[in-house]
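Data file: upload10.cif. Format and content: mmCIF, C-alpha atoms.
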```cif
data_protein
#
loop_
_atom_site.group_PDB
_atom_site.id
_atom_site.type_symbol
_atom_site.label_atom_id
_atom_site.label_comp_id
_atom_site.auth_asym_id
_atom_site.auth_seq_id
_atom_site.Cartn_x
_atom_site.Cartn_y
_atom_site.Cartn_z
ATOM 1 C CA GLY A 1 -39.890 -51.069 -10.013
ATOM 2 C CA ASP A 2 -39.414 -53.680 -12.688
ATOM 3 C CA SER A 3 -36.059 -55.433 -12.886
ATOM 4 C CA VAL A 4 -34.326 -58.289 -14.674
ATOM 5 C CA THR A 5 -31.514 -60.386 -13.239
ATOM 6 C CA GLN A 6 -29.467 -62.716 -15.375
ATOM 7 C CA MET A 7 -26.484 -64.881 -14.651
ATOM 8 C CA GLU A 8 -23.087 -63.298 -14.936
ATOM 9 C CA GLY A 9 -20.692 -64.293 -17.630
ATOM 10 C CA PRO A 10 -18.628 -65.114 -19.362
ATOM 11 C CA VAL A 11 -19.987 -68.567 -19.941
ATOM 12 C CA THR A 12 -17.463 -70.677 -21.807
ATOM 13 C CA LEU A 13 -18.581 -73.868 -23.540
ATOM 14 C CA SER A 14 -17.314 -76.368 -26.037
ATOM 15 C CA GLU A 15 -19.092 -76.776 -29.337
ATOM 16 C CA GLU A 16 -22.154 -79.073 -29.127
ATOM 17 C CA ALA A 17 -22.516 -78.495 -25.373
ATOM 18 C CA PHE A 18 -25.844 -77.621 -23.726
ATOM 19 C CA LEU A 19 -26.363 -73.964 -22.891
ATOM 20 C CA THR A 20 -28.535 -72.489 -20.158
ATOM 21 C CA ILE A 21 -28.637 -68.822 -19.229
ATOM 22 C CA ASN A 22 -30.751 -68.056 -16.194
ATOM 23 C CA CYS A 23 -33.042 -65.023 -16.132
ATOM 24 C CA THR A 24 -35.439 -63.969 -13.390
ATOM 25 C CA TYR A 25 -37.597 -60.884 -13.253
ATOM 26 C CA THR A 26 -39.559 -58.654 -10.919
ATOM 27 C CA ALA A 27 -42.629 -56.892 -12.271
ATOM 28 C CA THR A 28 -45.852 -55.535 -10.841
ATOM 29 C CA GLY A 29 -47.989 -56.450 -13.821
ATOM 30 C CA TYR A 30 -47.962 -59.144 -16.492
ATOM 31 C CA PRO A 31 -44.965 -58.380 -18.641
ATOM 32 C CA SER A 32 -43.893 -59.666 -22.003
ATOM 33 C CA LEU A 33 -40.454 -61.286 -21.917
ATOM 34 C CA PHE A 34 -37.714 -61.204 -24.535
ATOM 35 C CA TRP A 35 -34.259 -62.544 -25.270
ATOM 36 C CA TYR A 36 -31.994 -60.438 -27.436
ATOM 37 C CA VAL A 37 -28.586 -61.379 -28.839
ATOM 38 C CA GLN A 38 -25.720 -59.025 -29.663
ATOM 39 C CA TYR A 39 -22.900 -60.143 -31.939
ATOM 40 C CA PRO A 40 -19.612 -58.212 -31.881
ATOM 41 C CA GLY A 41 -19.882 -54.810 -33.526
ATOM 42 C CA GLU A 42 -23.632 -55.069 -34.040
ATOM 43 C CA GLY A 43 -26.832 -53.924 -32.405
ATOM 44 C CA LEU A 44 -29.148 -56.142 -30.415
ATOM 45 C CA GLN A 45 -31.361 -58.541 -32.344
ATOM 46 C CA LEU A 46 -34.533 -60.140 -31.105
ATOM 47 C CA LEU A 47 -33.938 -63.844 -30.531
ATOM 48 C CA LEU A 48 -37.322 -64.883 -29.127
ATOM 49 C CA LYS A 49 -40.222 -63.662 -27.027
ATOM 50 C CA ALA A 50 -43.132 -64.840 -24.899
ATOM 51 C CA THR A 51 -46.111 -62.698 -24.041
ATOM 52 C CA LYS A 52 -47.960 -64.685 -21.382
ATOM 53 C CA ALA A 53 -47.431 -67.322 -18.733
ATOM 54 C CA ASP A 54 -46.463 -70.813 -19.984
ATOM 55 C CA ASP A 55 -45.714 -69.516 -23.481
ATOM 56 C CA LYS A 56 -42.577 -70.939 -25.040
ATOM 57 C CA GLY A 57 -40.557 -68.783 -27.386
ATOM 58 C CA SER A 58 -38.188 -70.479 -29.812
ATOM 59 C CA ASN A 59 -35.851 -69.522 -32.631
ATOM 60 C CA LYS A 60 -32.633 -70.874 -34.173
ATOM 61 C CA GLY A 61 -32.589 -73.811 -31.744
ATOM 62 C CA PHE A 62 -32.971 -71.577 -28.692
ATOM 63 C CA GLU A 63 -35.956 -71.904 -26.362
ATOM 64 C CA ALA A 64 -37.289 -70.133 -23.284
ATOM 65 C CA THR A 65 -40.494 -70.714 -21.314
ATOM 66 C CA TYR A 66 -42.332 -67.960 -19.442
ATOM 67 C CA ARG A 67 -42.697 -69.293 -15.876
ATOM 68 C CA LYS A 68 -44.913 -67.013 -13.824
ATOM 69 C CA GLU A 69 -44.684 -69.148 -10.672
ATOM 70 C CA THR A 70 -40.902 -68.818 -10.551
ATOM 71 C CA THR A 71 -40.761 -65.439 -12.369
ATOM 72 C CA SER A 72 -38.188 -66.883 -14.737
ATOM 73 C CA PHE A 73 -37.429 -67.000 -18.449
ATOM 74 C CA HIS A 74 -34.323 -69.160 -18.792
ATOM 75 C CA LEU A 75 -32.706 -69.480 -22.222
ATOM 76 C CA GLU A 76 -31.608 -72.924 -23.428
ATOM 77 C CA LYS A 77 -30.009 -74.476 -26.460
ATOM 78 C CA GLY A 78 -29.267 -78.138 -26.802
ATOM 79 C CA SER A 79 -26.121 -78.001 -28.937
ATOM 80 C CA VAL A 80 -24.244 -74.740 -29.332
ATOM 81 C CA GLN A 81 -22.034 -73.740 -32.242
ATOM 82 C CA VAL A 82 -19.063 -71.392 -32.395
ATOM 83 C CA SER A 83 -21.359 -68.942 -34.223
ATOM 84 C CA ASP A 84 -23.507 -68.685 -31.059
ATOM 85 C CA SER A 85 -20.723 -66.769 -29.333
ATOM 86 C CA ALA A 86 -22.335 -63.457 -28.426
ATOM 87 C CA VAL A 87 -23.826 -61.469 -25.562
ATOM 88 C CA TYR A 88 -27.371 -62.452 -24.602
ATOM 89 C CA PHE A 89 -29.793 -60.038 -22.938
ATOM 90 C CA CYS A 90 -33.002 -60.896 -21.121
ATOM 91 C CA ALA A 91 -35.616 -58.114 -21.105
ATOM 92 C CA LEU A 92 -39.171 -57.388 -20.056
ATOM 93 C CA SER A 93 -41.851 -54.967 -21.141
ATOM 94 C CA ASP A 94 -44.788 -54.224 -18.888
ATOM 95 C CA GLY A 95 -48.241 -53.031 -19.825
ATOM 96 C CA ASP A 96 -47.841 -49.357 -19.092
ATOM 97 C CA SER A 97 -44.521 -48.673 -20.719
ATOM 98 C CA TRP A 98 -45.336 -48.059 -24.401
ATOM 99 C CA GLY A 99 -42.955 -50.844 -25.317
ATOM 100 C CA LYS A 100 -40.103 -49.641 -23.118
ATOM 101 C CA LEU A 101 -37.775 -52.522 -22.226
ATOM 102 C CA GLN A 102 -36.036 -53.257 -18.949
ATOM 103 C CA PHE A 103 -32.831 -55.125 -19.797
ATOM 104 C CA GLY A 104 -30.692 -57.446 -17.753
ATOM 105 C CA ALA A 105 -26.947 -56.841 -17.634
ATOM 106 C CA GLY A 106 -26.209 -59.304 -20.423
ATOM 107 C CA THR A 107 -24.362 -62.622 -20.392
ATOM 108 C CA GLN A 108 -21.385 -63.206 -22.639
ATOM 109 C CA VAL A 109 -21.218 -66.678 -24.138
ATOM 110 C CA VAL A 110 -18.010 -68.007 -25.658
ATOM 111 C CA VAL A 111 -18.147 -71.261 -27.606
ATOM 112 C CA THR A 112 -14.830 -72.929 -28.428
ATOM 113 C CA PRO A 113 -14.277 -75.479 -31.225
ATOM 114 C CA ASP B 1 -35.575 -57.037 -44.136
ATOM 115 C CA ALA B 2 -36.315 -53.499 -42.961
ATOM 116 C CA ARG B 3 -33.581 -52.092 -40.749
ATOM 117 C CA VAL B 4 -32.909 -49.180 -38.463
ATOM 118 C CA THR B 5 -30.118 -47.090 -39.959
ATOM 119 C CA GLN B 6 -27.700 -45.101 -37.832
ATOM 120 C CA THR B 7 -25.079 -42.620 -38.983
ATOM 121 C CA PRO B 8 -22.214 -42.206 -38.547
ATOM 122 C CA ARG B 9 -21.060 -45.684 -37.548
ATOM 123 C CA HIS B 10 -17.919 -44.289 -35.963
ATOM 124 C CA LYS B 11 -17.062 -40.824 -34.683
ATOM 125 C CA VAL B 12 -13.837 -39.589 -33.120
ATOM 126 C CA THR B 13 -13.668 -35.993 -31.983
ATOM 127 C CA GLU B 14 -12.080 -33.762 -29.397
ATOM 128 C CA MET B 15 -13.580 -32.761 -26.098
ATOM 129 C CA GLY B 16 -15.812 -29.710 -26.372
ATOM 130 C CA GLN B 17 -16.975 -30.401 -29.921
ATOM 131 C CA GLU B 18 -20.620 -30.870 -30.864
ATOM 132 C CA VAL B 19 -21.629 -34.381 -31.861
ATOM 133 C CA THR B 20 -24.777 -35.231 -33.808
ATOM 134 C CA MET B 21 -25.934 -38.818 -34.261
ATOM 135 C CA ARG B 22 -28.760 -39.693 -36.624
ATOM 136 C CA CYS B 23 -31.227 -42.508 -36.808
ATOM 137 C CA GLN B 24 -33.697 -43.551 -39.483
ATOM 138 C CA PRO B 25 -36.338 -45.782 -37.884
ATOM 139 C CA ILE B 26 -38.088 -48.560 -39.759
ATOM 140 C CA LEU B 27 -40.802 -47.105 -41.968
ATOM 141 C CA GLY B 28 -44.123 -47.193 -40.135
ATOM 142 C CA HIS B 29 -42.642 -47.564 -36.667
ATOM 143 C CA ASN B 30 -43.913 -44.844 -34.358
ATOM 144 C CA THR B 31 -41.753 -45.363 -31.271
ATOM 145 C CA VAL B 32 -38.041 -44.540 -31.213
ATOM 146 C CA PHE B 33 -35.572 -45.229 -28.410
ATOM 147 C CA TRP B 34 -32.030 -43.987 -27.774
ATOM 148 C CA TYR B 35 -29.632 -46.121 -25.701
ATOM 149 C CA ARG B 36 -26.042 -45.828 -24.578
ATOM 150 C CA GLN B 37 -23.877 -48.891 -24.010
ATOM 151 C CA THR B 38 -20.631 -48.946 -22.021
ATOM 152 C CA MET B 39 -18.678 -51.709 -20.355
ATOM 153 C CA MET B 40 -19.191 -50.182 -16.921
ATOM 154 C CA GLN B 41 -22.885 -49.232 -17.086
ATOM 155 C CA GLY B 42 -24.179 -51.698 -19.630
ATOM 156 C CA LEU B 43 -27.197 -50.624 -21.679
ATOM 157 C CA GLU B 44 -28.868 -47.401 -20.528
ATOM 158 C CA LEU B 45 -32.068 -45.889 -21.917
ATOM 159 C CA LEU B 46 -31.511 -42.205 -22.634
ATOM 160 C CA ALA B 47 -34.803 -41.111 -24.196
ATOM 161 C CA TYR B 48 -37.739 -42.303 -26.224
ATOM 162 C CA PHE B 49 -40.374 -40.839 -28.500
ATOM 163 C CA ARG B 50 -43.820 -41.863 -29.606
ATOM 164 C CA ASN B 51 -45.323 -40.323 -32.727
ATOM 165 C CA ARG B 52 -42.376 -37.890 -32.642
ATOM 166 C CA ALA B 53 -43.276 -36.588 -29.160
ATOM 167 C CA PRO B 54 -40.777 -37.145 -26.343
ATOM 168 C CA LEU B 55 -42.192 -39.495 -23.705
ATOM 169 C CA ASP B 56 -39.264 -39.769 -21.354
ATOM 170 C CA ASP B 57 -35.787 -38.288 -21.454
ATOM 171 C CA SER B 58 -34.968 -38.749 -17.790
ATOM 172 C CA GLY B 59 -31.962 -40.917 -18.670
ATOM 173 C CA MET B 60 -30.188 -38.073 -20.453
ATOM 174 C CA PRO B 61 -27.849 -35.510 -18.918
ATOM 175 C CA LYS B 62 -29.975 -32.449 -19.663
ATOM 176 C CA ASP B 63 -27.239 -29.889 -19.689
ATOM 177 C CA ARG B 64 -25.413 -31.328 -22.689
ATOM 178 C CA PHE B 65 -27.638 -33.878 -24.398
ATOM 179 C CA SER B 66 -30.676 -33.234 -26.549
ATOM 180 C CA ALA B 67 -32.870 -35.557 -28.593
ATOM 181 C CA GLU B 68 -35.354 -34.615 -31.283
ATOM 182 C CA MET B 69 -37.459 -36.073 -34.076
ATOM 183 C CA PRO B 70 -37.683 -33.439 -36.816
ATOM 184 C CA ASP B 71 -39.890 -35.810 -38.814
ATOM 185 C CA ALA B 72 -41.083 -39.400 -38.717
ATOM 186 C CA THR B 73 -38.060 -40.649 -40.658
ATOM 187 C CA LEU B 74 -35.325 -38.998 -38.620
ATOM 188 C CA ALA B 75 -34.305 -38.964 -34.968
ATOM 189 C CA THR B 76 -31.250 -37.076 -33.743
ATOM 190 C CA LEU B 77 -29.180 -37.177 -30.575
ATOM 191 C CA LYS B 78 -26.845 -34.262 -29.951
ATOM 192 C CA ILE B 79 -24.113 -33.740 -27.400
ATOM 193 C CA GLN B 80 -22.801 -30.221 -26.869
ATOM 194 C CA PRO B 81 -20.202 -29.852 -25.494
ATOM 195 C CA SER B 82 -18.891 -33.414 -25.603
ATOM 196 C CA GLU B 83 -16.744 -34.862 -22.822
ATOM 197 C CA PRO B 84 -14.486 -37.958 -22.663
ATOM 198 C CA ARG B 85 -17.006 -39.703 -20.393
ATOM 199 C CA ASP B 86 -19.505 -39.598 -23.265
ATOM 200 C CA SER B 87 -17.406 -42.170 -25.128
ATOM 201 C CA ALA B 88 -19.713 -45.144 -25.710
ATOM 202 C CA VAL B 89 -21.766 -46.909 -28.335
ATOM 203 C CA TYR B 90 -25.094 -45.180 -28.928
ATOM 204 C CA PHE B 91 -27.959 -47.265 -30.247
ATOM 205 C CA CYS B 92 -31.253 -46.269 -31.749
ATOM 206 C CA ALA B 93 -34.176 -48.692 -31.791
ATOM 207 C CA SER B 94 -37.682 -48.470 -33.195
ATOM 208 C CA ALA B 95 -40.915 -50.323 -32.555
ATOM 209 C CA GLY B 96 -44.341 -50.464 -34.130
ATOM 210 C CA GLU B 97 -47.823 -50.385 -32.648
ATOM 211 C CA GLY B 98 -48.697 -53.063 -30.135
ATOM 212 C CA GLY B 99 -47.315 -51.812 -26.846
ATOM 213 C CA ARG B 100 -45.567 -54.341 -24.675
ATOM 214 C CA ASN B 101 -45.739 -57.182 -27.201
ATOM 215 C CA GLN B 102 -43.814 -55.361 -29.876
ATOM 216 C CA PRO B 103 -40.090 -56.041 -30.019
ATOM 217 C CA GLN B 104 -37.630 -53.246 -30.547
ATOM 218 C CA HIS B 105 -35.482 -53.268 -33.662
ATOM 219 C CA PHE B 106 -31.962 -51.953 -33.134
ATOM 220 C CA GLY B 107 -29.551 -50.209 -35.438
ATOM 221 C CA ASP B 108 -25.877 -51.142 -35.470
ATOM 222 C CA GLY B 109 -24.953 -48.152 -33.348
ATOM 223 C CA THR B 110 -22.628 -45.165 -33.442
ATOM 224 C CA ARG B 111 -19.294 -45.823 -31.753
ATOM 225 C CA LEU B 112 -18.284 -42.476 -30.254
ATOM 226 C CA SER B 113 -14.823 -41.645 -28.937
ATOM 227 C CA ILE B 114 -14.202 -38.289 -27.295
ATOM 228 C CA LEU B 115 -10.507 -37.463 -26.913
#
```
Would it be possible to restate this file's structure as structure tokens?
Amino acid sequence: GDSVTQMEGPVTLSEEAFLTINCTYTATGYPSLFWYVQYPGEGLQLLLKATKADDKGSNKGFEATYRKETTSFHLEKGSVQVSDSAVYFCALSDGDSWGKLQFGAGTQVVVTP
Amino acid sequence: DARVTQTPRHKVTEMGQEVTMRCQPILGHNTVFWYRQTMMQGLELLAYFRNRAPLDDSGMPKDRFSAEMPDATLATLKIQPSEPRDSAVYFCASAGEGGRNQPQHFGDGTRLSIL
């Protein structure tokens, strides 16, 4: 079945550092890929998405490129802020699932001043 | 911005009591999901509905959990009787038409503690 694997956390960074969170997936079809972010005490929020190979999703300085050849969708940000401290989830949705998402385990990111 | 609304935000009750959690999806969204989040298991899909009809509730313990959509503006998740292991944050999410390309929009969750 479909699955998503993302790097374990916590990832601890200093402010203005470069952030990468690795995400790889297994799917039988051609899924859409998503990154969600969860701030403390809140629900998940869509951060960005990509719906086909080589698409790049971007939002709030974050970027991720849909790489079919490596089945990856790594999240990057060039200069993190303390306010980026959160849990980040990679997810996929395949064509037969009525929008059902398969989530990774989540990666906690802690940014220190 | 339109939001998914969940009530109550917090619930503390004793083992054996009935718990009802409510969700108001975004107006016009026709797919509703229920999730449970714990430290040990992460995010688990319990059930989801499309046009108010249940599509999959295989993630739910059938003997004590039930999910319904009495109308298009209300989804409910009930636990009867509740047990301490049900303590978790329960999220509702909704999505519009568009299948796999449509993102899910999450509520802020119900934090449930069963004593």
Q) Could you write out as a ChimeraX atom specification the residues that the PyMOL selection byres ((chain B) within 8 of (chain A)) matches in the shown file? A) /B:42-43,91,95,98-109
Q: Measure the distance from atom CA of A:Ala86 to atom CA of B:Ala47 in Å and round it to one decimal.
A: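 Straight-line distance from atom CA of A:Ala86 to atom CA of B:Ala47 works out to 25.9 Å.
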**Q.** Option closest in space to A:Thr26, from A:Ser83, A:Ser14, A:Val109, A:Ser3 [counting only C-alpha atoms]
**A.**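 The shortest atom-to-atom distance to A:Thr26 comes from A:Ser3.
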Q) How many Å lie between atom CA of B:Pro84 and atom CA of B:Glu14, rounded to one decimal? A) 8.3 Å
Q.
Using the chain letters and numbers from this file, what does the PyMOL selection byres ((chain A and resi 12) around 8) select? Give the answer as a PyMOL selection string.
A. chain A and resi 10-11+13-14+109-112
Q. Quick one: of B:Ser66, B:Ser94, B:Ser82, B:Ser58, who's nearest to B:Val4, counting all atoms listed in the file?
A. B:Ser94
Padded axis-aligned box of stretch 68-80 of chain B (5 Å per side), centre and edge lengths, Å, one decimal, as JSON:
```
{"center_x": -31.9, "center_y": -35.4, "center_z": -33.8, "size_x": 28.3, "size_y": 20.4, "size_z": 23.8}
```
Q: Starting from the shown file, work through the PyMOL selection byres ((chain A and resi 69) around 12) and note down what comes out as a PyMOL selection string.
A: chain A and resi 24-26+53-54+65-68+70-73
Q. What gap, in Å, lies between atom CA of A:Thr20 and atom CA of A:Met7?
A. 9.6 Å
Q | Selection near B:Arg36, 9 Å with all atoms listed in the file, sequence-local residues under 4 positions removed, as a PyMOL selection string | A | chain B and resi 41-46+88-92
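The closest residue to A:Tyr88, picked from A:Gly29, A:Asp55, A:Gln6, A:Glu15 and counting only C-alpha atoms, is A:Gln6.
Of the residues under consideration (B:Lys11, B:Leu77, B:Pro25, B:Val19), B:Leu77 shows the shortest atom-to-atom contact distance to B:Asp57 when counting only C-alpha atoms.
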Q) Restricting the calculation to all atoms listed in the file, which member of B:Arg9, B:Ile26, B:Glu18, B:Tyr48 is positioned closest to B:Leu74? A) B:Ile26
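Remark: for A:Tyr39, the closest of the candidate residues A:Gly57, A:Asp2, A:Val87, A:Pro113 is A:Val87 (distances computed over all atoms listed in the file).
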